[in-house]
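Text of upload.txt (compact mmCIF, C-alpha atoms (C1' of nucleotides)) as supplied:
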```txt
# COMPACT_ATOMS: atom_id res chain seq x y z
CA MET A 163 9.44 54.10 9.19
CA GLY A 164 10.35 50.88 7.49
CA ARG A 165 11.17 52.77 4.31
CA LEU A 166 13.90 50.34 3.36
CA PRO A 167 12.46 46.97 4.30
CA GLY A 168 15.00 44.43 5.45
CA ASP A 169 17.60 47.11 5.97
CA THR A 170 17.52 47.18 9.76
CA LYS A 171 17.37 43.39 9.90
CA LYS A 172 20.43 43.11 7.68
CA LYS A 173 22.32 45.70 9.71
CA ILE A 174 21.54 43.78 12.90
CA MET A 175 22.87 40.60 11.31
CA ASP A 176 26.00 42.38 10.05
CA LEU A 177 26.75 43.84 13.45
CA GLY A 178 25.82 40.61 15.22
CA GLU A 179 28.18 38.66 12.99
CA LYS A 180 30.99 41.12 13.56
CA LEU A 181 30.51 41.10 17.33
CA LEU A 182 30.29 37.30 17.34
CA LEU A 183 33.60 37.08 15.51
CA VAL A 184 35.36 39.80 17.50
CA GLN A 185 34.00 39.18 21.02
CA GLY A 186 32.52 35.68 20.99
CA PHE A 187 28.86 34.74 21.38
CA ASN A 188 28.94 35.32 25.15
CA GLY A 189 30.94 38.51 24.73
CA PHE A 190 28.24 40.74 23.25
CA SER A 191 24.67 41.66 24.08
CA TYR A 192 21.63 43.06 22.30
CA ALA A 193 22.42 46.35 24.03
CA ASP A 194 25.77 46.50 22.19
CA ILE A 195 24.05 46.13 18.84
CA ALA A 196 21.23 48.53 19.72
CA SER A 197 23.40 51.37 21.00
CA SER A 198 25.78 51.04 18.08
CA MET A 199 22.86 51.26 15.61
CA GLY A 200 20.97 53.99 17.45
CA ILE A 201 17.90 51.81 17.94
CA LYS A 202 16.35 50.21 21.00
CA ASN A 203 16.95 46.82 22.49
CA ALA A 204 13.42 45.66 21.73
CA ALA A 205 13.81 46.45 18.03
CA ILE A 206 16.29 43.62 17.81
CA HIS A 207 13.94 41.28 19.63
CA TYR A 208 11.31 42.20 17.02
CA HIS A 209 13.51 40.86 14.22
CA PHE A 210 15.22 38.09 16.23
CA PRO A 211 13.06 37.07 19.21
CA SER A 212 15.96 35.34 20.94
CA LYS A 213 19.74 35.62 20.70
CA CYS A 214 19.69 32.05 19.42
CA ASP A 215 17.58 33.17 16.43
CA LEU A 216 20.14 35.84 15.60
CA GLY A 217 23.00 33.39 15.95
CA LEU A 218 21.25 30.87 13.72
CA ALA A 219 20.56 33.47 11.04
CA VAL A 220 24.21 34.55 11.06
CA ILE A 221 25.50 30.99 10.67
CA GLU A 222 22.97 30.10 7.96
CA ARG A 223 23.89 33.20 5.98
CA ALA A 224 27.59 32.38 6.26
CA ARG A 225 26.96 28.86 5.02
CA GLN A 226 25.04 30.18 2.02
CA ARG A 227 27.81 32.69 1.34
CA PHE A 228 30.38 29.90 1.23
CA ASP A 229 28.16 27.70 -0.93
CA ARG A 230 27.71 30.57 -3.40
CA TRP A 231 31.46 31.21 -3.43
CA ALA A 232 32.27 27.54 -4.03
CA ALA A 233 29.66 27.15 -6.76
CA SER A 234 30.37 30.46 -8.49
CA ARG A 235 31.62 30.49 -12.06
CA ARG A 236 34.65 32.60 -11.03
CA THR A 237 35.73 30.05 -8.44
CA GLU A 238 34.96 26.99 -10.55
CA GLU A 239 37.09 28.28 -13.41
CA MET A 240 40.16 28.91 -11.24
CA ALA A 241 43.25 26.75 -11.49
CA ASP A 242 43.89 24.67 -8.35
CA PRO A 243 46.61 26.86 -6.76
CA ALA A 244 44.55 30.01 -7.38
CA LYS A 245 41.48 28.35 -5.90
CA LEU A 246 43.50 27.38 -2.83
CA ASP A 247 44.61 31.00 -2.50
CA GLY A 248 40.99 32.06 -2.93
CA PHE A 249 40.05 29.84 0.00
CA PHE A 250 42.86 31.32 2.11
CA GLU A 251 41.68 34.79 1.09
CA ILE A 252 38.32 34.18 2.78
CA TYR A 253 40.17 33.78 6.06
CA ARG A 254 42.67 36.54 5.44
CA HIS A 255 39.66 38.81 5.00
CA TYR A 256 38.53 38.22 8.59
CA LEU A 257 41.87 39.59 9.72
CA THR A 258 41.93 42.56 7.34
CA ARG A 259 38.43 43.93 7.87
CA SER A 260 38.09 43.54 11.60
CA ASP A 261 40.58 41.90 13.89
CA SER A 262 38.34 38.84 14.07
CA VAL A 263 38.57 35.07 14.11
CA CYS A 264 36.62 32.88 11.72
CA LEU A 265 33.04 31.81 12.36
CA SER A 266 33.76 28.14 12.92
CA GLY A 267 36.55 28.96 15.39
CA ALA A 268 34.39 31.40 17.33
CA LEU A 269 31.50 28.93 17.54
CA GLU A 270 33.68 25.99 18.50
CA THR A 271 35.28 27.77 21.43
CA ASP A 272 31.91 28.80 22.89
CA PHE A 273 30.35 25.52 21.76
CA THR A 274 29.29 24.07 25.12
CA THR A 275 27.47 27.27 26.11
CA LEU A 276 25.62 27.57 22.78
CA PRO A 277 21.88 26.80 22.49
CA GLU A 278 21.38 23.43 20.86
CA PRO A 279 20.06 24.68 17.49
CA MET A 280 23.21 26.77 17.11
CA GLN A 281 25.36 23.76 17.96
CA GLU A 282 23.76 21.78 15.16
CA GLU A 283 24.18 24.59 12.68
CA ALA A 284 27.82 25.05 13.70
CA ARG A 285 28.39 21.35 13.12
CA ALA A 286 26.85 21.65 9.66
CA LEU A 287 29.09 24.61 8.83
CA VAL A 288 32.27 22.73 9.75
CA ALA A 289 31.06 19.61 7.91
CA ASP A 290 30.45 21.73 4.79
CA LEU A 291 33.89 23.31 4.87
CA LEU A 292 35.62 19.98 5.45
CA ALA A 293 33.66 18.25 2.70
CA TRP A 294 34.54 20.97 0.17
CA LEU A 295 38.22 20.96 1.15
CA GLU A 296 38.44 17.16 1.07
CA ARG A 297 37.04 16.95 -2.43
CA PHE A 298 39.15 19.85 -3.66
CA LEU A 299 42.36 18.36 -2.29
CA ASP A 300 41.48 14.90 -3.58
CA GLU A 301 40.85 16.08 -7.13
CA GLY A 302 43.79 18.49 -7.00
CA ARG A 303 46.18 15.71 -6.03
CA ALA A 304 44.79 13.48 -8.80
CA ARG A 305 45.46 16.31 -11.29
CA GLY A 306 49.00 16.71 -9.95
CA SER A 307 48.34 20.21 -8.58
CA PHE A 308 48.94 19.15 -5.00
CA SER A 309 51.19 16.68 -3.28
CA PHE A 310 50.62 15.38 0.22
CA PRO A 311 50.77 12.07 2.10
CA GLY A 312 47.76 10.40 3.73
CA THR A 313 44.09 10.80 2.92
CA PRO A 314 42.46 13.96 1.54
CA ARG A 315 40.23 13.90 4.60
CA ASP A 316 43.16 14.13 7.02
CA GLN A 317 44.80 16.82 4.93
CA ALA A 318 41.53 18.79 4.82
CA ILE A 319 41.32 18.68 8.60
CA VAL A 320 44.88 20.02 8.86
CA VAL A 321 44.25 22.84 6.39
CA LEU A 322 41.05 23.97 8.10
CA ALA A 323 42.66 23.67 11.53
CA VAL A 324 45.55 25.85 10.39
CA MET A 325 43.19 28.54 9.10
CA GLN A 326 41.30 28.65 12.39
CA GLY A 327 44.33 28.41 14.61
CA ALA A 328 46.48 30.86 12.68
CA LEU A 329 43.70 33.45 12.61
CA GLN A 330 43.39 33.20 16.36
CA MET A 331 47.13 33.35 16.96
CA SER A 332 47.35 36.44 14.79
CA ARG A 333 45.24 38.32 17.33
CA VAL A 334 47.77 37.95 20.11
CA MET A 335 50.86 38.07 17.89
CA ASP A 336 50.36 40.01 14.63
CA SER A 337 48.95 39.51 11.15
CA SER A 338 52.30 38.25 9.81
CA THR A 339 51.61 35.09 11.80
CA PHE A 340 48.64 34.27 9.61
CA ASP A 341 50.59 35.03 6.44
CA ALA A 342 53.40 32.78 7.62
CA ALA A 343 50.94 29.93 8.15
CA VAL A 344 49.49 30.40 4.67
CA SER A 345 52.94 30.39 3.06
CA GLN A 346 53.92 27.26 4.91
CA ILE A 347 50.73 25.38 4.00
CA ARG A 348 51.29 26.34 0.37
CA ARG A 349 54.84 24.99 0.55
CA LEU A 350 53.59 21.77 2.12
CA LEU A 351 50.88 21.24 -0.50
CA ILE A 352 52.28 22.49 -3.79
CA PRO A 353 55.01 20.29 -5.27
CA MET B 357 38.91 26.21 59.06
CA GLY B 358 41.87 26.51 56.81
CA ARG B 359 43.13 23.10 57.91
CA LEU B 360 44.72 22.44 54.54
CA PRO B 361 46.18 25.80 53.56
CA GLY B 362 46.21 26.48 49.84
CA ASP B 363 43.77 23.68 49.21
CA THR B 364 40.73 25.84 48.48
CA LYS B 365 42.81 28.24 46.41
CA LYS B 366 44.13 25.39 44.30
CA LYS B 367 40.65 23.92 43.84
CA ILE B 368 39.37 27.31 42.68
CA MET B 369 42.19 27.52 40.15
CA ASP B 370 41.57 23.96 38.94
CA LEU B 371 37.86 24.59 38.45
CA GLY B 372 38.47 28.03 36.99
CA GLU B 373 40.90 26.58 34.48
CA LYS B 374 38.48 23.83 33.51
CA LEU B 375 35.59 26.27 33.08
CA LEU B 376 37.80 28.64 31.11
CA LEU B 377 38.72 25.83 28.74
CA VAL B 378 35.24 24.36 28.46
CA GLN B 379 33.06 27.49 28.46
CA GLY B 380 35.37 30.38 27.65
CA PHE B 381 36.33 33.27 29.95
CA ASN B 382 32.98 35.01 29.42
CA GLY B 383 31.08 31.74 29.73
CA PHE B 384 31.52 31.10 33.45
CA SER B 385 31.04 33.08 36.66
CA TYR B 386 32.26 32.99 40.24
CA ALA B 387 28.84 31.57 41.11
CA ASP B 388 29.56 28.52 38.92
CA ILE B 389 32.79 27.83 40.79
CA ALA B 390 31.28 28.54 44.20
CA SER B 391 28.20 26.33 43.83
CA SER B 392 30.25 23.50 42.38
CA MET B 393 32.67 23.67 45.33
CA GLY B 394 30.03 24.16 48.02
CA ILE B 395 31.48 27.50 49.10
CA LYS B 396 30.25 31.07 48.77
CA ASN B 397 30.87 33.57 46.04
CA ALA B 398 32.83 35.86 48.34
CA ALA B 399 35.24 33.08 49.28
CA ILE B 400 36.57 33.20 45.73
CA HIS B 401 36.93 36.97 45.90
CA TYR B 402 38.99 36.46 49.04
CA HIS B 403 41.56 34.40 47.12
CA PHE B 404 41.19 36.20 43.77
CA PRO B 405 39.82 39.72 44.26
CA SER B 406 38.85 40.03 40.60
CA LYS B 407 38.16 37.57 37.82
CA CYS B 408 41.23 38.99 36.11
CA ASP B 409 43.38 37.85 39.07
CA LEU B 410 42.02 34.33 38.73
CA GLY B 411 42.58 34.34 34.98
CA LEU B 412 46.14 35.56 35.40
CA ALA B 413 46.92 32.91 38.00
CA VAL B 414 45.58 30.19 35.71
CA ILE B 415 47.66 31.34 32.74
CA GLU B 416 50.82 31.79 34.82
CA ARG B 417 50.46 28.30 36.25
CA ALA B 418 49.97 26.82 32.79
CA ARG B 419 53.10 28.57 31.54
CA GLN B 420 55.09 27.19 34.46
CA ARG B 421 53.67 23.72 33.82
CA PHE B 422 54.84 23.83 30.22
CA ASP B 423 58.26 25.18 31.20
CA ARG B 424 58.66 22.36 33.70
CA TRP B 425 57.58 19.80 31.09
CA ALA B 426 60.00 21.17 28.48
CA ALA B 427 62.91 21.36 30.91
CA SER B 428 62.27 18.00 32.59
CA ARG B 429 64.84 15.23 32.39
CA ARG B 430 62.21 12.84 30.93
CA THR B 431 61.41 15.19 28.08
CA GLU B 432 64.97 16.26 27.39
CA GLU B 433 66.09 12.65 27.04
CA MET B 434 63.41 11.74 24.50
CA ALA B 435 64.21 11.11 20.86
CA ASP B 436 62.77 13.76 18.52
CA PRO B 437 59.73 11.80 17.27
CA ALA B 438 58.82 10.77 20.82
CA LYS B 439 59.21 14.34 22.00
CA LEU B 440 56.90 15.51 19.21
CA ASP B 441 54.36 12.92 20.32
CA GLY B 442 54.80 14.13 23.88
CA PHE B 443 53.93 17.63 22.75
CA PHE B 444 50.85 16.34 20.92
CA GLU B 445 49.92 14.40 24.03
CA ILE B 446 49.58 17.64 26.01
CA TYR B 447 46.82 18.67 23.61
CA ARG B 448 45.23 15.24 23.32
CA HIS B 449 44.90 15.39 27.11
CA TYR B 450 42.60 18.42 26.90
CA LEU B 451 40.25 16.33 24.79
CA THR B 452 40.45 13.20 26.93
CA ARG B 453 39.93 14.69 30.37
CA SER B 454 37.25 17.23 29.63
CA ASP B 455 35.86 18.09 26.25
CA SER B 456 37.91 21.28 26.26
CA VAL B 457 39.99 23.39 23.94
CA CYS B 458 43.55 24.45 24.74
CA LEU B 459 44.35 27.49 26.84
CA SER B 460 45.85 29.57 24.06
CA GLY B 461 42.87 28.90 21.80
CA ALA B 462 40.36 29.79 24.50
CA LEU B 463 42.18 33.02 25.34
CA GLU B 464 42.66 34.07 21.73
CA THR B 465 38.99 33.75 20.86
CA ASP B 466 37.92 35.90 23.82
CA PHE B 467 40.99 38.10 23.44
CA THR B 468 39.36 41.48 22.76
CA THR B 469 37.10 41.18 25.81
CA LEU B 470 39.95 40.16 28.14
CA PRO B 471 41.36 42.60 30.74
CA GLU B 472 44.69 43.95 29.57
CA PRO B 473 46.91 42.07 32.04
CA MET B 474 45.39 38.82 30.81
CA GLN B 475 46.01 39.84 27.20
CA GLU B 476 49.70 40.35 27.94
CA GLU B 477 49.99 37.03 29.73
CA ALA B 478 48.18 35.25 26.88
CA ARG B 479 50.65 36.78 24.44
CA ALA B 480 53.54 35.54 26.57
CA LEU B 481 52.06 32.03 26.63
CA VAL B 482 51.79 31.82 22.86
CA ALA B 483 55.26 33.32 22.43
CA ASP B 484 56.66 30.65 24.77
CA LEU B 485 55.00 27.78 22.91
CA LEU B 486 56.10 29.09 19.51
CA ALA B 487 59.68 29.67 20.68
CA TRP B 488 59.96 26.15 22.06
CA LEU B 489 58.47 24.58 18.92
CA GLU B 490 60.64 26.66 16.59
CA ARG B 491 63.83 25.61 18.34
CA PHE B 492 62.73 21.98 18.58
CA LEU B 493 61.86 21.80 14.87
CA ASP B 494 65.05 23.61 13.86
CA GLU B 495 67.31 21.25 15.80
CA GLY B 496 65.26 18.24 14.79
CA ARG B 497 65.60 19.06 11.11
CA ALA B 498 69.36 19.60 11.53
CA ARG B 499 69.58 16.14 13.11
CA GLY B 500 67.58 14.64 10.26
CA SER B 501 64.63 13.71 12.49
CA PHE B 502 62.25 16.02 10.65
CA SER B 503 61.86 17.16 7.10
CA PHE B 504 59.92 20.25 6.07
CA PRO B 505 60.28 23.19 3.69
CA GLY B 506 60.53 26.85 4.78
CA THR B 507 61.68 28.24 8.10
CA PRO B 508 61.32 26.51 11.48
CA ARG B 509 59.35 29.58 12.59
CA ASP B 510 56.70 29.13 9.87
CA GLN B 511 56.49 25.40 10.53
CA ALA B 512 56.13 26.06 14.27
CA ILE B 513 53.20 28.40 13.58
CA VAL B 514 51.53 25.71 11.47
CA VAL B 515 52.01 23.00 14.08
CA LEU B 516 50.62 25.14 16.91
CA ALA B 517 47.75 26.35 14.75
CA VAL B 518 46.84 22.75 13.91
CA MET B 519 46.80 21.77 17.59
CA GLN B 520 44.50 24.66 18.46
CA GLY B 521 42.26 24.31 15.46
CA ALA B 522 41.96 20.54 15.55
CA LEU B 523 41.10 20.57 19.24
CA GLN B 524 38.30 23.03 18.56
CA MET B 525 37.00 21.14 15.53
CA SER B 526 36.92 17.95 17.59
CA ARG B 527 34.25 19.48 19.80
CA VAL B 528 31.75 19.83 16.99
CA MET B 529 32.83 16.75 15.06
CA ASP B 530 34.41 14.04 17.23
CA SER B 531 37.74 13.16 18.81
CA SER B 532 38.86 11.22 15.73
CA THR B 533 39.22 14.61 14.04
CA PHE B 534 42.03 15.55 16.41
CA ASP B 535 43.74 12.18 15.96
CA ALA B 536 43.53 12.57 12.19
CA ALA B 537 45.22 15.97 12.42
CA VAL B 538 48.01 14.55 14.58
CA SER B 539 48.61 11.65 12.16
CA GLN B 540 48.73 14.01 9.22
CA ILE B 541 51.16 16.43 10.87
CA ARG B 542 53.41 13.47 11.74
CA ARG B 543 53.31 12.34 8.11
CA LEU B 544 54.15 15.85 6.94
CA LEU B 545 57.09 16.24 9.36
CA ILE B 546 58.71 12.83 9.64
CA PRO B 547 60.59 11.72 6.52
C1' DC C 20 -10.89 57.15 4.23
C1' DG C 21 -10.44 53.32 7.20
C1' DA C 22 -8.27 48.74 8.25
C1' DT C 23 -4.43 46.12 8.75
C1' DA C 24 0.42 44.97 8.79
C1' DT C 25 5.08 46.50 9.58
C1' DA C 26 8.57 48.37 12.26
C1' DC C 27 9.50 50.11 15.69
C1' DT C 28 9.62 52.75 21.05
C1' DT C 29 8.63 53.05 25.96
C1' DA C 30 8.74 50.92 30.01
C1' DC C 31 9.27 47.14 32.36
C1' DT C 32 10.68 42.23 34.69
C1' DA C 33 13.37 38.52 36.51
C1' DG C 34 17.74 36.69 36.69
C1' DT C 35 22.63 36.93 36.92
C1' DA C 36 27.17 39.29 36.79
C1' DA C 37 31.26 41.07 39.41
C1' DG C 38 32.45 42.99 43.45
C1' DT C 39 32.35 44.73 48.58
C1' DA C 40 31.77 45.57 53.64
C1' DA C 41 31.30 43.68 57.85
C1' DG C 42 31.06 39.92 60.76
C1' DT C 43 32.65 35.04 62.44
C1' DA C 44 35.15 30.67 63.26
C1' DT C 45 39.62 28.59 63.72
C1' DC C 46 44.31 28.27 64.82
C1' DA C 47 49.28 29.49 65.76
C1' DG C 48 52.40 32.10 68.47
C1' DG C 49 53.76 34.92 72.48
C1' DC D 1363 44.63 33.08 77.62
C1' DC D 1364 44.85 36.80 74.63
C1' DT D 1365 46.24 38.60 69.87
C1' DG D 1366 46.37 38.66 65.31
C1' DA D 1367 46.27 36.45 61.03
C1' DT D 1368 43.83 33.29 57.93
C1' DA D 1369 39.88 31.71 55.71
C1' DC D 1370 35.94 32.11 55.24
C1' DT D 1371 30.13 33.53 55.48
C1' DT D 1372 26.25 36.72 55.41
C1' DA D 1373 24.24 40.21 53.29
C1' DC D 1374 24.39 43.51 50.22
C1' DT D 1375 25.10 46.84 45.87
C1' DT D 1376 25.40 48.21 41.18
C1' DA D 1377 25.25 47.06 36.61
C1' DC D 1378 23.94 44.43 32.96
C1' DT D 1379 21.57 40.29 30.75
C1' DA D 1380 17.78 38.34 27.75
C1' DG D 1381 13.29 38.90 27.11
C1' DT D 1382 8.25 40.88 27.14
C1' DA D 1383 3.90 43.64 27.03
C1' DA D 1384 1.74 47.42 25.43
C1' DG D 1385 1.62 51.43 22.86
C1' DT D 1386 2.73 54.37 18.45
C1' DA D 1387 4.03 56.06 13.86
C1' DT D 1388 4.05 54.96 9.09
C1' DA D 1389 2.85 52.72 4.73
C1' DT D 1390 -0.14 50.15 1.91
C1' DC D 1391 -4.19 48.35 0.11
C1' DG D 1392 -9.11 47.88 -0.65
```
Can the structure from this file be put into structure tokens for me?
Amino acid sequence: MGRLPGDTKKKIMDLGEKLLLVQGFNGFSYADIASSMGIKNAAIHYHFPSKCDLGLAVIERARQRFDRWAASRRTEEMADPAKLDGFFEIYRHYLTRSDSVCLSGALETDFTTLPEPMQEEARALVADLLAWLERFLDEGRARGSFSFPGTPRDQAIVVLAVMQGALQMSRVMDSSTFDAAVSQIRRLLIP
Amino acid sequence: MGRLPGDTKKKIMDLGEKLLLVQGFNGFSYADIASSMGIKNAAIHYHFPSKCDLGLAVIERARQRFDRWAASRRTEEMADPAKLDGFFEIYRHYLTRSDSVCLSGALETDFTTLPEPMQEEARALVADLLAWLERFLDEGRARGSFSFPGTPRDQAIVVLAVMQGALQMSRVMDSSTFDAAVSQIRRLLIP
DNA sequence: CGATATACTTACTAGTAAGTAAGTATCAGG
DNA sequence: CCTGATACTTACTTACTAGTAAGTATATCG
């Protein structure tokens, strides 16, 4: 056993992340992960002693993923409209792969029932996303790529809120709802 | 007992709604309601045999509340910008009273774990809100009260998504986040 | 070849979830 | 004053939750 080290741990995180996004943090259990992977409950506790540890690992990994995306050569070299579409694509992906909401949205809804370390990490995730968007919109407007009234901060809040909200609405309506939101935000931002 | 008929039932619905909005549908139990009301678990099952029945009643009541608001003389007589603010005020209220998200947002995040009758009712709620917003924005633009590109449908989706998303983000950041979103949407809509 | 670490399984506990069956107090109507 | 309905309580069941303690198979390293 343990032939591929880190493999089981990664699979647990992948499944945990998916279940968190599809069912909410209070909507899945270690038993769901275990049965779906063909391992035992306690195997998960070996890698993640508490559900909080698993949740934390999932959020931290997602933050790193976004940081890597934002700092990547491919992203940095994009023109502003393409980079905006790239950002939207991250969210569109949640919808395409599994009928899920985004991580920040899932965490925010369950926020009050989350263990405190997860609350802090969720806060950091949202702060990261907002900070990136604010800077991107600010510089984009200065370059003439975008046009919007008010502060970049307020516009960043609106853009992130639309991503979260539209992804959630798409679950009860259909995926065209998300696409409609993206089109409209593009129209509102690009002169 | 039963001196004030309907009183206990209403209190259960009030508390159930609050807990649904604050903790999510999977984040509260009948025991939470019972202990907080000083009654027994089974008393809730008497009024709402299953948790699904309680959930349905809460959503149906919220839909009726919105219908009454939209059809009320006070609302109908408002000028377009005031009516828009009135709509925003419904959401701001969620934040003010209890640090909660809106009903549609809460239901959408837990959607896949919801019993099917609740899923249908949640869909109807969102459809109602979108239909009202679409018509309001369409007529408002025709009257010159609002200015936005694209279809009223797409703009309605964006406005509702911002309300949901901003309310959720306000939990992990602070209430100024929601106010910023409202200001920005006003700037984007009002010429 | 033996020791140790890794990655599990088996078997369990304590707590909580939704839900039910049967009994009880109160009141309104005939 | 009795009857039946309403609005509960008491006491329980079944199922699932996170979490743990102890044992086991495998791989690696000296």
What's around DC1374 in chain D at 12 Å? Count all atoms listed in the file, leave out sequence neighbours fewer than 6 positions away in its own chain, and write the answer as a ChimeraX atom specification. /B:398 /C:38-41
Each residue of chain C lying at most 12 Å from chain B should get a row with its shortest atom-to-atom pair and the distance in Å to one decimal, counting all atoms listed in the file; could you produce that, ordered by chain and increasing number, as a tab-separated table?
```
residue	atom	partner	partner_atom	distance
C:DT35	C1'	B:Ala387	CA	9.2
C:DA36	C1'	B:Ser385	CA	7.3
C:DA37	C1'	B:Ser406	CA	7.8
C:DG38	C1'	B:Ser406	CA	7.6
C:DT39	C1'	B:Ala398	CA	8.9
C:DA40	C1'	B:Ala398	CA	11.1
C:DT43	C1'	B:Met357	CA	11.3
C:DA44	C1'	B:Met357	CA	7.2
C:DT45	C1'	B:Met357	CA	5.3
C:DC46	C1'	B:Met357	CA	8.2
C:DA47	C1'	B:Arg359	CA	11.8
```
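Using all atoms listed in the file for every distance, the candidate list A:Gly186, A:Ile352, A:Glu251, A:Ala224 yields A:Gly186 as the residue closest to chain B.
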Hey, what's within 10 Å of range 21-28 of chain C if we count only C-alpha atoms (C1' of nucleotides) and toss same-chain stuff fewer than 6 positions away? As a ChimeraX atom specification, please? /A:163-165,167,170,201-206,208-209 /D:1385-1392
Residues of chain A near chain B: apply a cut-off of 8 Å, count all atoms listed in the file, and supply the list as a PDB file with C-alpha atoms, in the coordinates of the input.
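File result_18.pdb, as written:
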```pdb
ATOM      1  CA  VAL A 184      35.360  39.800  17.500  1.00  0.00           C
ATOM      2  CA  GLN A 185      34.000  39.180  21.020  1.00  0.00           C
ATOM      3  CA  GLY A 186      32.520  35.680  20.990  1.00  0.00           C
ATOM      4  CA  ASN A 188      28.940  35.320  25.150  1.00  0.00           C
ATOM      5  CA  GLY A 189      30.940  38.510  24.730  1.00  0.00           C
ATOM      6  CA  VAL A 263      38.570  35.070  14.110  1.00  0.00           C
ATOM      7  CA  GLY A 267      36.550  28.960  15.390  1.00  0.00           C
ATOM      8  CA  ALA A 268      34.390  31.400  17.330  1.00  0.00           C
ATOM      9  CA  GLU A 270      33.680  25.990  18.500  1.00  0.00           C
ATOM     10  CA  THR A 271      35.280  27.770  21.430  1.00  0.00           C
ATOM     11  CA  ASP A 272      31.910  28.800  22.890  1.00  0.00           C
ATOM     12  CA  PHE A 273      30.350  25.520  21.760  1.00  0.00           C
ATOM     13  CA  THR A 274      29.290  24.070  25.120  1.00  0.00           C
ATOM     14  CA  THR A 275      27.470  27.270  26.110  1.00  0.00           C
ATOM     15  CA  GLN A 281      25.360  23.760  17.960  1.00  0.00           C
ATOM     16  CA  ALA A 284      27.820  25.050  13.700  1.00  0.00           C
ATOM     17  CA  ARG A 285      28.390  21.350  13.120  1.00  0.00           C
ATOM     18  CA  VAL A 288      32.270  22.730   9.750  1.00  0.00           C
ATOM     19  CA  ALA A 289      31.060  19.610   7.910  1.00  0.00           C
ATOM     20  CA  PHE A 310      50.620  15.380   0.220  1.00  0.00           C
ATOM     21  CA  PRO A 311      50.770  12.070   2.100  1.00  0.00           C
ATOM     22  CA  GLY A 312      47.760  10.400   3.730  1.00  0.00           C
ATOM     23  CA  ASP A 316      43.160  14.130   7.020  1.00  0.00           C
ATOM     24  CA  GLN A 317      44.800  16.820   4.930  1.00  0.00           C
ATOM     25  CA  ILE A 319      41.320  18.680   8.600  1.00  0.00           C
ATOM     26  CA  VAL A 320      44.880  20.020   8.860  1.00  0.00           C
ATOM     27  CA  VAL A 321      44.250  22.840   6.390  1.00  0.00           C
ATOM     28  CA  LEU A 322      41.050  23.970   8.100  1.00  0.00           C
ATOM     29  CA  ALA A 323      42.660  23.670  11.530  1.00  0.00           C
ATOM     30  CA  VAL A 324      45.550  25.850  10.390  1.00  0.00           C
ATOM     31  CA  MET A 325      43.190  28.540   9.100  1.00  0.00           C
ATOM     32  CA  GLN A 326      41.300  28.650  12.390  1.00  0.00           C
ATOM     33  CA  GLY A 327      44.330  28.410  14.610  1.00  0.00           C
ATOM     34  CA  ALA A 328      46.480  30.860  12.680  1.00  0.00           C
ATOM     35  CA  GLN A 330      43.390  33.200  16.360  1.00  0.00           C
ATOM     36  CA  MET A 331      47.130  33.350  16.960  1.00  0.00           C
ATOM     37  CA  ARG A 333      45.240  38.320  17.330  1.00  0.00           C
ATOM     38  CA  VAL A 334      47.770  37.950  20.110  1.00  0.00           C
ATOM     39  CA  MET A 335      50.860  38.070  17.890  1.00  0.00           C
ATOM     40  CA  THR A 339      51.610  35.090  11.800  1.00  0.00           C
ATOM     41  CA  ALA A 342      53.400  32.780   7.620  1.00  0.00           C
ATOM     42  CA  ALA A 343      50.940  29.930   8.150  1.00  0.00           C
ATOM     43  CA  SER A 345      52.940  30.390   3.060  1.00  0.00           C
ATOM     44  CA  GLN A 346      53.920  27.260   4.910  1.00  0.00           C
ATOM     45  CA  ILE A 347      50.730  25.380   4.000  1.00  0.00           C
ATOM     46  CA  ARG A 349      54.840  24.990   0.550  1.00  0.00           C
ATOM     47  CA  LEU A 350      53.590  21.770   2.120  1.00  0.00           C
TER      48      LEU A 350
END
```
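Rounded to one decimal, CA of Glu432 in chain B and CA of Glu416 in chain B lie 22.3 Å from each other.
Compared by their closest atoms to chain B, and using all atoms listed in the file, the residues D:DT1365, D:DT1371, D:DT1382, D:DT1376 rank with D:DT1371 nearest.
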Based on all atoms listed in the file, which of the residues in chain D come within 10 Å of chain B? I want them as a PyMOL selection string. chain D and resi 1368-1372
What does the file look like for those residues with C-alpha atoms (C1' of nucleotides), as a compact mmCIF listing (two decimals), keeping the file's coordinate frame?
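The result, written out as out-v6.txt:
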```
# COMPACT_ATOMS: atom_id res chain seq x y z
C1' DT D 1368 43.83 33.29 57.93
C1' DA D 1369 39.88 31.71 55.71
C1' DC D 1370 35.94 32.11 55.24
C1' DT D 1371 30.13 33.53 55.48
C1' DT D 1372 26.25 36.72 55.41
```
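Picture a line from CA of Ser501 in chain B to CA of Pro547 in chain B; it runs 7.5 Å.
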Put the listed atoms of range 309-328 of chain A in a box along x, y and z with 6 Å added on every side and give me the centre and edge lengths in Å to one decimal, as AutoDock Vina command-line options.
```
--center_x 45.7 --center_y 20.6 --center_z 5.7 --size_x 23.0 --size_y 32.5 --size_z 29.9
```
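Distance-wise, CA of Gly178 in chain A and C1' of DA1384 in chain D end up 27.0 Å apart.
The list of residues with at least one atom within 10 Å of Phe404 in chain B, based on all atoms listed in the file and without residues fewer than 5 positions apart in the same chain, reads Lys365, Ile368, Met369, Ala398, Ala399, Asp409, Leu410, Gly411, Leu412 and Ala413 of chain B.
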